[in-house]
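Everything below concerns the one structure shown next.
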Amino acid sequence: MKRHLVAFPRPFEHARQVAVAFAEQGSLSAYATGFVWPETLSGRRVRRILERVGAAGAVARRTIVDLPRTVVRSFPLIDVGRTAASALRRYGLEDRLWERDDHRFPRLVADRLLDGCDVVHGCEHASLELFDAAHRAGKRTVLHVASLHPAFHDAMLDREYARYPELKESVDFELRERRAPRDRRRLAEYASADLLIVSSSLSRQLLIENGIPADRIAIVHLGGPDAPGTVGTPGTAGTRGTSALDVLYVGKVSVAKGCHVLLHAWTTLGSRDARLVMVGRNQLPASVRVPPRVEMLGSLPHAAVLDLMPQFDVVVLPTLCDSFGAVILEALQRGIPVITTANAGAADLVQEGENGWIVAAGDAEALTERLAWCERHVRSVRAMRAQVRRGSRSRTWPDFRQEVRDALAQRGWL
């Protein structure tokens, strides 16, 4: 049996699930990550303090309870500064620390954890030095790709900056100016990895179009927690009645997510009754006006978002470039139809008119028309819920873990 080293600097759910996939069969040599909270008495005390000051989301992401402590290798100085900068809304500093950590982390892992493994798993932008060391030691490398090809990403955003120059005041544009060396690093990792695991057919196709051989790419859609047994009651958010359309957006409120398009479409819709709720950090420039009947809730813990979802009629993700878009899967699991674009990897899960609708990325007119249809046919939209839940290709994290193992088994690396 091959031994697997999983190294992701940030302990997000997807990263931990990759590690659990091999821990379940006893083949995980180590799960290397940034700072995490162990399931100890002192760890629980620290978590309670952080929860009281409003950092429950960060605590939940960094609490490791589904892996043996003996295989978790935490590098506490990795990602702690970035997380603190994010909490303080120092976004420029957060970005610089993110880049620094992604260069330091693979070197630390290569120096300390390569012995005793046969296959090394890493994430893009944080694996180049680790993969170089692994190849020198005769080990296989697997890159888990969490974004679309940089050329496609940049082309989509540059189109929007040309159409709407005011968007150059956004966080996305500031990051665009720093992307060139980061993109070169990602492309070097694509070339170095023996296998690239992507989350959608779109991501795979873009890699092939940009020169990556198809036999080096495997598609494994992301998973999610088991959805609750009921489909929820639509139209009951807050004190509202049941006659008006309630629409939910979840994610960074950014150019890349197409949020400027959504706000433009909502303005054009001009509804006096429908309501749009947006959950996530607002990264749009102040010049982008928030129209009436839009509520900006800011960031919420993931569990709170899942609890909120069933109160809405439709979940919308108007993204310009998203390798997956987990909110789509989470909505479908809860019986909520979705509106998204062909540039979301999770569009693989959407069956037009049955569990949702796909519009062209960046097309505010098409999005307005679809929202107007949903408003006119709100009873029909709500009647879709049971069908959406039954017919959606619901995926859980165990499905994801099995498919990761299958991708390795096909190559004899399990």
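Here, A, B, ... name the chains of the structure tokens in the order displayed, residue numbers run from 1 inside each chain, and ligands are numbered from 1 in the same displayed order.
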
Write out, as JSON lines, each residue of segment 281-360 of chain A that has an atom at most 12 Å from segment 4-22 of chain A, together with the closest pair of atoms and their distance in Å to one decimal, counting only C-alpha atoms, rows going by chain and rising number.
```
{"residue": "A:His302", "atom": "CA", "partner": "A:Glu13", "partner_atom": "CA", "distance": 10.9}
{"residue": "A:Phe324", "atom": "CA", "partner": "A:His14", "partner_atom": "CA", "distance": 11.9}
{"residue": "A:Ala326", "atom": "CA", "partner": "A:His14", "partner_atom": "CA", "distance": 10.4}
```

Can I get the selection written as a PDB file, in the first residue's frame, with C-alpha atoms?
```pdb
ATOM      1  CA  HIS A 302     -20.851  28.261   7.124  1.00  0.00           C
ATOM      2  CA  PHE A 324     -16.769  24.626  -8.825  1.00  0.00           C
ATOM      3  CA  ALA A 326     -19.942  24.645  -3.613  1.00  0.00           C
TER       4      ALA A 326
END
```

* **alpha helix (DSSP H) per DSSP on the backbone: members of segment 175-264 of chain A, as a VMD selection string** => chain A and resid 175 to 176 179 to 192 201 to 209 259 to 264

* In Å to one decimal, how far is atom CA of Arg69 of chain A from atom CA of Ala32 of chain A? ->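 Value for the atom CA of Ala32 of chain A-atom CA of Arg69 of chain A distance: 11.5 Å.
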
* To do: Return the single residue from A:Ser86, A:Thr368, A:Gln205, A:Gln311 that is closest to Val277 of chain A, with distances computed using only C-alpha atoms.
  => A:Gln311

* Tell me which of A:Glu369, A:Arg275, A:Val314, A:Gly335 sits closest to Met296 of chain A, counting only C-alpha atoms. =>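 Distance minimum relative to Met296 of chain A lands on A:Arg275.
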
Residues within 7 Å of Ile217 of chain A, only C-alpha atoms, excluding chain neighbours under 5 positions, as a compact mmCIF listing (two decimals) with C-alpha atoms, in the first residue's frame:
```
# COMPACT_ATOMS: atom_id res chain seq x y z
CA LEU A 195 -1.66 14.06 -11.82
CA LEU A 196 -4.00 17.06 -11.60
CA ILE A 197 -7.33 16.55 -9.82
CA ARG A 204 -10.41 19.98 -17.23
```

Where in segment 175-340 of chain A does DSSP assign strand (DSSP E), given as an mmCIF file with C-alpha atoms, in the first residue's frame?
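Saved the output as part17.cif:
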```cif
data_model
loop_
_atom_site.group_PDB
_atom_site.id
_atom_site.type_symbol
_atom_site.label_atom_id
_atom_site.label_comp_id
_atom_site.auth_asym_id
_atom_site.auth_seq_id
_atom_site.Cartn_x
_atom_site.Cartn_y
_atom_site.Cartn_z
ATOM 1 C CA LEU A 195 -1.665 14.058 -11.819
ATOM 2 C CA LEU A 196 -4.001 17.057 -11.604
ATOM 3 C CA ILE A 197 -7.332 16.554 -9.819
ATOM 4 C CA VAL A 198 -9.929 19.150 -10.845
ATOM 5 C CA ILE A 217 -6.210 15.118 -15.423
ATOM 6 C CA ALA A 218 -8.945 13.535 -13.309
ATOM 7 C CA ILE A 219 -12.310 15.100 -12.473
ATOM 8 C CA ASP A 246 -36.636 35.655 -2.035
ATOM 9 C CA VAL A 247 -33.206 35.265 -3.676
ATOM 10 C CA LEU A 248 -29.953 34.365 -1.908
ATOM 11 C CA TYR A 249 -26.343 34.944 -2.970
ATOM 12 C CA VAL A 250 -23.449 33.436 -0.987
ATOM 13 C CA ARG A 275 -35.760 40.619 -2.129
ATOM 14 C CA LEU A 276 -32.098 39.755 -2.664
ATOM 15 C CA VAL A 277 -29.904 38.834 0.315
ATOM 16 C CA MET A 278 -26.127 38.745 -0.221
ATOM 17 C CA VAL A 279 -23.895 36.908 2.249
ATOM 18 C CA VAL A 294 -30.917 44.212 -1.379
ATOM 19 C CA GLU A 295 -29.646 43.219 2.066
ATOM 20 C CA MET A 296 -25.877 42.910 2.546
ATOM 21 C CA LEU A 297 -25.285 40.621 5.529
ATOM 22 C CA GLY A 298 -21.493 40.387 5.351
ATOM 23 C CA VAL A 314 -33.619 30.593 -5.417
ATOM 24 C CA VAL A 315 -29.849 30.646 -4.896
ATOM 25 C CA VAL A 316 -27.942 32.670 -7.505
ATOM 26 C CA LEU A 317 -24.230 32.448 -8.363
ATOM 27 C CA VAL A 338 -30.270 27.672 -8.637
ATOM 28 C CA ILE A 339 -29.322 30.253 -11.230
ATOM 29 C CA THR A 340 -25.684 30.185 -12.280
#
```

* Could you please determine the separation between atom CA of Ser323 of chain A and atom CA of Arg385 of chain A in Å, to one decimal place? =>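 Atom CA of Ser323 of chain A sits 25.6 Å away from atom CA of Arg385 of chain A.
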